[in-house]
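Shown here: upload-v6.cif, mmCIF, C-alpha atoms and all ligand atoms.
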```cif
data_query
loop_
_atom_site.label_atom_id
_atom_site.label_comp_id
_atom_site.auth_asym_id
_atom_site.auth_seq_id
_atom_site.Cartn_x
_atom_site.Cartn_y
_atom_site.Cartn_z
CA MET A 16 -12.39 52.68 -28.63
CA PRO A 17 -13.60 50.59 -31.59
CA LEU A 18 -12.90 46.87 -31.39
CA LEU A 19 -11.44 46.90 -34.90
CA HIS A 20 -9.87 49.86 -36.57
CA THR A 21 -7.89 50.49 -39.74
CA ASP A 22 -5.60 53.42 -40.18
CA ASP A 23 -4.75 54.74 -43.66
CA VAL A 24 -4.68 51.33 -45.32
CA THR A 25 -3.35 51.41 -48.87
CA VAL A 26 -3.12 48.51 -51.33
CA ALA A 27 -1.99 48.81 -54.95
CA PHE A 28 -2.16 46.28 -57.76
CA GLY A 29 0.32 47.09 -60.50
CA GLY A 30 0.46 50.75 -59.55
CA ARG A 31 -3.34 51.16 -59.32
CA ARG A 32 -4.68 51.78 -55.86
CA ALA A 33 -7.39 49.31 -54.86
CA LEU A 34 -7.45 50.88 -51.39
CA ASP A 35 -6.37 54.45 -50.82
CA ASN A 36 -5.81 55.47 -47.19
CA VAL A 37 -8.82 53.63 -45.86
CA SER A 38 -9.54 54.35 -42.21
CA LEU A 39 -12.57 52.60 -40.73
CA ASP A 40 -13.95 51.76 -37.30
CA VAL A 41 -15.90 48.60 -36.52
CA GLU A 42 -17.50 48.57 -33.10
CA ALA A 43 -18.54 45.73 -30.84
CA GLY A 44 -22.29 45.24 -30.68
CA ARG A 45 -22.82 47.12 -33.95
CA ILE A 46 -23.40 46.20 -37.57
CA THR A 47 -21.17 48.26 -39.82
CA GLY A 48 -21.94 48.28 -43.53
CA LEU A 49 -19.35 48.64 -46.28
CA ILE A 50 -20.89 49.41 -49.65
CA GLY A 51 -19.75 50.56 -53.05
CA PRO A 52 -19.81 49.48 -56.68
CA ASN A 53 -18.03 46.40 -58.01
CA GLY A 54 -14.30 46.98 -57.99
CA ALA A 55 -14.50 49.54 -55.17
CA GLY A 56 -12.10 47.51 -53.03
CA LYS A 57 -14.47 45.90 -50.53
CA SER A 58 -13.11 42.36 -50.83
CA THR A 59 -9.54 43.66 -50.87
CA PHE A 60 -10.32 45.46 -47.63
CA PHE A 61 -11.53 42.18 -46.14
CA ASP A 62 -8.30 40.53 -47.28
CA VAL A 63 -6.29 43.17 -45.46
CA VAL A 64 -8.39 42.98 -42.31
CA SER A 65 -8.38 39.18 -42.20
CA GLY A 66 -4.63 38.95 -42.85
CA LEU A 67 -4.63 37.51 -46.37
CA ARG A 68 -3.00 40.61 -47.82
CA ARG A 69 -0.38 42.86 -46.28
CA PRO A 70 -1.12 46.54 -47.01
CA GLU A 71 1.58 48.75 -48.53
CA THR A 72 0.90 51.32 -45.85
CA GLY A 73 -1.36 51.62 -42.85
CA ARG A 74 -2.31 49.56 -39.83
CA VAL A 75 -4.98 47.14 -38.70
CA VAL A 76 -5.72 47.41 -34.99
CA LEU A 77 -7.77 44.87 -33.03
CA ASP A 78 -8.64 45.58 -29.44
CA GLY A 79 -5.95 48.26 -29.24
CA LYS A 80 -3.21 45.97 -30.59
CA ASP A 81 -1.52 46.40 -33.94
CA ILE A 82 -2.16 43.15 -35.83
CA THR A 83 -1.00 44.34 -39.27
CA VAL A 84 1.75 41.73 -39.53
CA LEU A 85 -0.25 38.81 -38.12
CA GLY A 86 -1.39 36.06 -40.49
CA PRO A 87 -4.98 34.86 -40.83
CA ALA A 88 -4.67 31.99 -38.33
CA ARG A 89 -3.41 34.23 -35.56
CA ARG A 90 -6.14 36.76 -36.26
CA ALA A 91 -8.70 33.97 -36.14
CA ARG A 92 -7.37 32.97 -32.74
CA ARG A 93 -7.94 36.54 -31.61
CA GLY A 94 -11.57 36.29 -32.56
CA MET A 95 -11.79 37.28 -36.21
CA ALA A 96 -13.77 35.28 -38.77
CA ARG A 97 -14.78 36.01 -42.34
CA THR A 98 -16.78 34.65 -45.23
CA PHE A 99 -15.79 34.80 -48.89
CA GLN A 100 -17.70 36.33 -51.76
CA HIS A 101 -16.75 33.24 -53.76
CA LEU A 102 -17.91 30.33 -51.64
CA GLU A 103 -15.17 28.22 -50.12
CA LEU A 104 -17.18 25.21 -48.99
CA PHE A 105 -16.04 21.59 -49.21
CA GLY A 106 -18.44 20.49 -51.93
CA ARG A 107 -18.24 16.75 -51.22
CA LEU A 108 -18.83 17.14 -47.49
CA SER A 109 -22.19 17.49 -45.82
CA VAL A 110 -23.34 20.77 -44.37
CA ARG A 111 -22.71 19.43 -40.87
CA ASP A 112 -19.18 18.27 -41.74
CA ASN A 113 -18.38 21.61 -43.36
CA LEU A 114 -19.21 23.25 -40.04
CA LEU A 115 -17.44 20.57 -37.96
CA VAL A 116 -14.18 21.02 -39.87
CA ALA A 117 -14.32 24.73 -39.08
CA ALA A 118 -15.46 24.26 -35.46
CA GLU A 119 -12.50 22.00 -34.76
CA LEU A 120 -10.23 25.00 -35.39
CA GLY A 121 -12.12 27.25 -33.00
CA PRO A 122 -12.38 27.90 -29.29
CA GLY A 123 -15.36 25.53 -29.06
CA ARG A 124 -13.44 22.56 -30.49
CA ARG A 125 -13.93 20.44 -27.35
CA HIS A 126 -17.67 20.58 -27.84
CA ALA A 127 -17.61 21.02 -31.62
CA SER A 128 -20.72 18.97 -32.23
CA ARG A 129 -22.76 21.07 -29.82
CA THR A 130 -21.38 24.28 -31.30
CA VAL A 131 -22.32 23.09 -34.79
CA ASN A 132 -25.86 22.16 -33.74
CA ALA A 133 -26.39 25.59 -32.20
CA VAL A 134 -25.19 27.33 -35.36
CA LEU A 135 -27.32 25.10 -37.63
CA ALA A 136 -30.35 26.06 -35.53
CA ARG A 137 -29.43 29.71 -35.45
CA LEU A 138 -29.23 29.78 -39.26
CA GLY A 139 -32.37 27.67 -39.69
CA ILE A 140 -30.57 25.06 -41.82
CA GLU A 141 -30.94 21.97 -39.59
CA ASP A 142 -33.02 20.28 -42.29
CA SER A 143 -30.12 20.54 -44.74
CA CYS A 144 -27.46 19.23 -42.35
CA ASP A 145 -26.93 15.94 -44.20
CA ASP A 146 -26.96 17.45 -47.70
CA LEU A 147 -23.72 17.72 -49.64
CA ALA A 148 -22.56 21.31 -49.94
CA ASP A 149 -22.37 20.91 -53.74
CA SER A 150 -26.09 20.15 -53.88
CA LEU A 151 -27.29 23.26 -52.06
CA PRO A 152 -29.20 26.19 -53.53
CA THR A 153 -27.03 29.34 -53.43
CA GLY A 154 -28.97 30.96 -50.59
CA THR A 155 -28.41 27.96 -48.34
CA ALA A 156 -24.77 27.61 -49.39
CA ARG A 157 -24.24 31.24 -48.34
CA LEU A 158 -25.68 30.44 -44.94
CA VAL A 159 -23.33 27.47 -44.56
CA GLU A 160 -20.45 29.80 -45.38
CA VAL A 161 -21.67 32.14 -42.65
CA GLY A 162 -22.03 29.11 -40.35
CA ARG A 163 -18.38 28.19 -40.91
CA ALA A 164 -17.48 31.61 -39.55
CA LEU A 165 -19.99 31.50 -36.70
CA VAL A 166 -18.74 28.19 -35.25
CA LEU A 167 -15.50 30.05 -34.49
CA GLU A 168 -17.55 32.19 -32.07
CA PRO A 169 -15.97 35.37 -33.44
CA ARG A 170 -15.83 38.75 -31.78
CA VAL A 171 -15.43 40.31 -35.23
CA LEU A 172 -17.40 38.83 -38.11
CA LEU A 173 -16.61 39.92 -41.68
CA LEU A 174 -19.34 39.02 -44.17
CA ASP A 175 -18.68 39.40 -47.91
CA GLU A 176 -22.02 39.47 -49.77
CA PRO A 177 -23.68 36.87 -47.54
CA ALA A 178 -27.21 37.48 -48.84
CA ALA A 179 -26.42 37.05 -52.55
CA GLY A 180 -28.77 34.35 -53.84
CA GLN A 181 -31.06 34.42 -50.81
CA ASP A 182 -34.79 34.89 -51.36
CA ALA A 183 -36.78 37.57 -49.51
CA GLN A 184 -37.76 35.27 -46.65
CA GLU A 185 -34.20 34.01 -46.17
CA THR A 186 -32.91 37.58 -46.19
CA GLU A 187 -35.43 38.66 -43.56
CA ARG A 188 -34.43 35.80 -41.31
CA PHE A 189 -30.78 36.55 -41.94
CA ALA A 190 -31.26 40.20 -40.96
CA ALA A 191 -32.83 39.17 -37.65
CA MET A 192 -29.93 36.79 -37.02
CA LEU A 193 -27.41 39.60 -37.63
CA ARG A 194 -29.26 41.85 -35.19
CA ASP A 195 -29.13 39.08 -32.57
CA LEU A 196 -25.38 38.68 -33.07
CA ALA A 197 -24.87 42.41 -32.59
CA THR A 198 -27.04 42.40 -29.49
CA GLU A 199 -24.79 39.67 -28.08
CA GLY A 200 -21.82 41.96 -28.62
CA THR A 201 -20.36 40.75 -31.91
CA ALA A 202 -18.82 43.38 -34.19
CA VAL A 203 -20.25 42.72 -37.65
CA LEU A 204 -18.76 44.20 -40.83
CA LEU A 205 -21.16 43.62 -43.70
CA VAL A 206 -20.41 43.95 -47.41
CA GLU A 207 -23.65 43.52 -49.28
CA HIS A 208 -25.36 44.68 -52.47
CA ASP A 209 -28.90 44.16 -51.13
CA MET A 210 -29.53 47.79 -50.19
CA SER A 211 -32.75 47.19 -48.30
CA LEU A 212 -30.89 44.69 -46.10
CA VAL A 213 -27.94 47.06 -45.60
CA MET A 214 -30.16 50.04 -44.81
CA SER A 215 -32.36 48.07 -42.40
CA VAL A 216 -29.69 46.28 -40.34
CA CYS A 217 -26.66 48.57 -40.27
CA ASP A 218 -25.92 51.02 -37.49
CA ARG A 219 -23.33 52.78 -39.63
CA ILE A 220 -22.39 52.56 -43.28
CA HIS A 221 -19.16 53.41 -45.05
CA VAL A 222 -19.12 53.98 -48.80
CA LEU A 223 -16.08 53.00 -50.86
CA ASP A 224 -15.47 54.13 -54.40
CA LEU A 225 -12.29 53.25 -56.30
CA GLY A 226 -10.57 52.50 -53.02
CA VAL A 227 -11.52 55.75 -51.33
CA VAL A 228 -14.01 56.13 -48.47
CA VAL A 229 -16.34 58.78 -49.90
CA ALA A 230 -19.03 58.80 -47.23
CA GLY A 231 -19.83 57.43 -43.78
CA GLY A 232 -22.71 57.70 -41.35
CA PRO A 233 -25.98 56.20 -40.20
CA PRO A 234 -28.20 54.67 -42.92
CA ALA A 235 -30.57 57.63 -42.98
CA ASP A 236 -27.69 59.99 -43.81
CA ILE A 237 -26.26 57.68 -46.44
CA GLN A 238 -29.69 57.33 -48.04
CA ARG A 239 -30.04 61.11 -48.21
CA ASN A 240 -26.51 61.63 -49.54
CA ARG A 241 -27.07 62.59 -53.17
CA THR A 242 -23.59 61.66 -54.32
CA VAL A 243 -23.98 58.23 -52.80
CA LEU A 244 -27.47 57.80 -54.16
CA ALA A 245 -26.53 58.73 -57.67
CA ALA A 246 -23.29 56.81 -57.82
CA TYR A 247 -23.89 53.65 -55.79
CA LEU A 248 -27.42 52.87 -54.79
CA GLY A 249 -28.56 52.50 -58.34
CA GLU A 250 -26.58 49.33 -58.81
CA GLY A 251 -27.04 45.90 -57.30
P1 LIG A 301 -15.05 44.78 -54.66
O1 LIG A 301 -15.00 43.64 -53.69
O2 LIG A 301 -15.48 46.07 -54.06
O3 LIG A 301 -15.87 44.45 -55.88
P2 LIG A 301 -12.24 44.16 -55.09
O4 LIG A 301 -11.59 44.39 -53.78
O5 LIG A 301 -12.51 42.77 -55.50
O6 LIG A 301 -13.57 45.05 -55.19
O7 LIG A 301 -11.33 44.81 -56.22
C1 LIG A 301 -10.83 46.14 -56.12
C2 LIG A 301 -9.93 46.44 -57.31
O8 LIG A 301 -8.73 45.69 -57.17
C3 LIG A 301 -10.51 46.07 -58.66
O9 LIG A 301 -10.08 47.00 -59.60
C4 LIG A 301 -9.91 44.70 -58.91
O10 LIG A 301 -9.83 44.46 -60.29
C5 LIG A 301 -8.54 44.85 -58.28
N1 LIG A 301 -8.01 43.58 -57.77
C6 LIG A 301 -8.56 42.82 -56.79
N2 LIG A 301 -7.81 41.75 -56.53
C7 LIG A 301 -6.76 41.81 -57.40
C8 LIG A 301 -5.61 40.99 -57.65
N3 LIG A 301 -5.41 39.88 -56.94
N4 LIG A 301 -4.75 41.39 -58.61
C9 LIG A 301 -4.95 42.52 -59.33
N5 LIG A 301 -5.99 43.32 -59.15
C10 LIG A 301 -6.89 42.99 -58.20
MG MG A 302 -16.01 41.88 -53.68
#
```
Any chance you could put this one into structure tokens?
Amino acid sequence: MPLLHTDDVTVAFGGRRALDNVSLDVEAGRITGLIGPNGAGKSTFFDVVSGLRRPETGRVVLDGKDITVLGPARRARRGMARTFQHLELFGRLSVRDNLLVAAELGPGRRHASRTVNAVLARLGIEDSCDDLADSLPTGTARLVEVGRALVLEPRVLLLDEPAAGQDAQETERFAAMLRDLATEGTAVLLVEHDMSLVMSVCDRIHVLDLGVVVAGGPPADIQRNRTVLAAYLGEG
């Protein structure tokens, strides 16, 4: 049984379906990719999974339990953490304090400082720990956003375009970090436009277009899928 599962999730904005019967599995110890052009519904899907938006129809199931009506805080307590495509850092706080604020909400709150140090090291951003979030280059700011999720020690980690603005070296390091997380058992759901990153780290990839899942499978299959190639891999 997958750790996280959605069943026929539908969301409409003003009569237009942003998600149309989306059913997806996200497994523990695996990196699952979610790709598709801008406007496909990827961020809306994250909103539904993380509890920020109630779907019109369908269910979100975590660990066999229907969590569709639970709010974000209760999902977080059950081990779900996400990042945002539009960064949500506290600009006037240091990198360390951004992580501490988050860690104090998580299961490691009694040893928040230790948790934060481990995450800073894991992301390779110890040298930036005293910098104000506002002053960071985008690639580093993205990592801090990921760090705010990681200090919650999630079982399910939802990443919305985490590598945007990272250079090649940062992306390579990030990919290795994601693989380590999966090896430790974390279920990672990755939305990302960097196709070489997606193809190299994901175990399975789902393709969304206009709210519909149009393809799913291992990276090699997705790469060979002509419809997918023509329609989606050209962009981003
Ligand atoms: P993606 O993350 O794949 O780029 P989004 O989930 O952001 O796509 O958007 C999917 C569709 O839903 C788009 O057509 C977008 O314009 C629309 N949409 C997203 N959020 C809202 C909203 N709050 N109100 C109205 N339309 C929205
Ligand atoms: Mg998006």
For this session: Please give me, as a ChimeraX atom specification, the residues lying within 10 Å of ligand LIG 301 (chain A) when counting all atoms listed in the file.
Result: /A:26-34,49-63,68,100,175-176,206-207,223-226
Just C-alpha atoms for this one: save the residues we selected as an mmCIF file, keeping the file's coordinate frame.
```
data_model
loop_
_atom_site.group_PDB
_atom_site.id
_atom_site.type_symbol
_atom_site.label_atom_id
_atom_site.label_comp_id
_atom_site.auth_asym_id
_atom_site.auth_seq_id
_atom_site.Cartn_x
_atom_site.Cartn_y
_atom_site.Cartn_z
ATOM 1 C CA VAL A 26 -3.120 48.510 -51.330
ATOM 2 C CA ALA A 27 -1.990 48.810 -54.950
ATOM 3 C CA PHE A 28 -2.160 46.280 -57.760
ATOM 4 C CA GLY A 29 0.320 47.090 -60.500
ATOM 5 C CA GLY A 30 0.460 50.750 -59.550
ATOM 6 C CA ARG A 31 -3.340 51.160 -59.320
ATOM 7 C CA ARG A 32 -4.680 51.780 -55.860
ATOM 8 C CA ALA A 33 -7.390 49.310 -54.860
ATOM 9 C CA LEU A 34 -7.450 50.880 -51.390
ATOM 10 C CA LEU A 49 -19.350 48.640 -46.280
ATOM 11 C CA ILE A 50 -20.890 49.410 -49.650
ATOM 12 C CA GLY A 51 -19.750 50.560 -53.050
ATOM 13 C CA PRO A 52 -19.810 49.480 -56.680
ATOM 14 C CA ASN A 53 -18.030 46.400 -58.010
ATOM 15 C CA GLY A 54 -14.300 46.980 -57.990
ATOM 16 C CA ALA A 55 -14.500 49.540 -55.170
ATOM 17 C CA GLY A 56 -12.100 47.510 -53.030
ATOM 18 C CA LYS A 57 -14.470 45.900 -50.530
ATOM 19 C CA SER A 58 -13.110 42.360 -50.830
ATOM 20 C CA THR A 59 -9.540 43.660 -50.870
ATOM 21 C CA PHE A 60 -10.320 45.460 -47.630
ATOM 22 C CA PHE A 61 -11.530 42.180 -46.140
ATOM 23 C CA ASP A 62 -8.300 40.530 -47.280
ATOM 24 C CA VAL A 63 -6.290 43.170 -45.460
ATOM 25 C CA ARG A 68 -3.000 40.610 -47.820
ATOM 26 C CA GLN A 100 -17.700 36.330 -51.760
ATOM 27 C CA ASP A 175 -18.680 39.400 -47.910
ATOM 28 C CA GLU A 176 -22.020 39.470 -49.770
ATOM 29 C CA VAL A 206 -20.410 43.950 -47.410
ATOM 30 C CA GLU A 207 -23.650 43.520 -49.280
ATOM 31 C CA LEU A 223 -16.080 53.000 -50.860
ATOM 32 C CA ASP A 224 -15.470 54.130 -54.400
ATOM 33 C CA LEU A 225 -12.290 53.250 -56.300
ATOM 34 C CA GLY A 226 -10.570 52.500 -53.020
#
```
Problem set entry | Among listed residues A:Leu67, A:Val222, A:Met16, A:Leu85, nearest A:Ala43 (using only C-alpha atoms) |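 Checking each candidate against A:Ala43, we get A:Met16 as the closest.
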For this session: Would you kindly return, as a list of chain:residue names, each protein, DNA or RNA residue with an atom no farther than 8 Å from any atom of A:Gly123, considering all atoms listed in the file and excluding same-chain residues fewer than 3 positions away?
Result: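 Selected residues are A:Ala118, A:Glu119, A:His126, A:Ala127, A:Thr130, A:Val166, A:Leu167, A:Glu168.
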For this session: For each of A:Thr83, A:Ser215, A:Asn240, A:Thr21, take the minimum atom-to-atom distance to A:Val41, counting only C-alpha atoms, then give the residue where this is smallest.
Result: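 Among A:Thr83, A:Ser215, A:Asn240, A:Thr21, it is A:Thr21 that comes nearest to A:Val41.
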Problem set entry | Who sits within 10 Å of A:Ile220, all atoms listed in the file, same chain under 5 positions skipped, as a list in words |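 Counting all atoms listed in the file, the residues come to Ile46, Thr47, Gly48, Leu49, Ile50, Leu204, Leu205, Val206, Val213, Met214, Ala230, Gly231, Gly232, Pro233, Pro234, Ala235, Asp236, Ile237 and Gln238 of chain A.
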Exercise. From the set A:Pro177, A:Gly200, A:Gly139, A:Gly106, which residue has the shortest atom-to-atom contact distance to ligand MG 302 (chain A), counting only C-alpha atoms and all ligand atoms?
Worked result: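 Selected residue with least distance to ligand MG 302 (chain A): A:Pro177.
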Exercise. So what do you get for atom CA of A:Leu39 versus atom CA of A:Glu160, distance-wise?
Worked result: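 Atom CA of A:Leu39 sits 24.6 Å away from atom CA of A:Glu160.
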Problem set entry | Shell around A:Asp195 at 10 Å using only C-alpha atoms, local window under 5 positions removed, as a list in words |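 Once the adjacent positions are removed, what remains is Gly44, Arg137, Phe189, Ala190, Gly200 and Thr201 of chain A.
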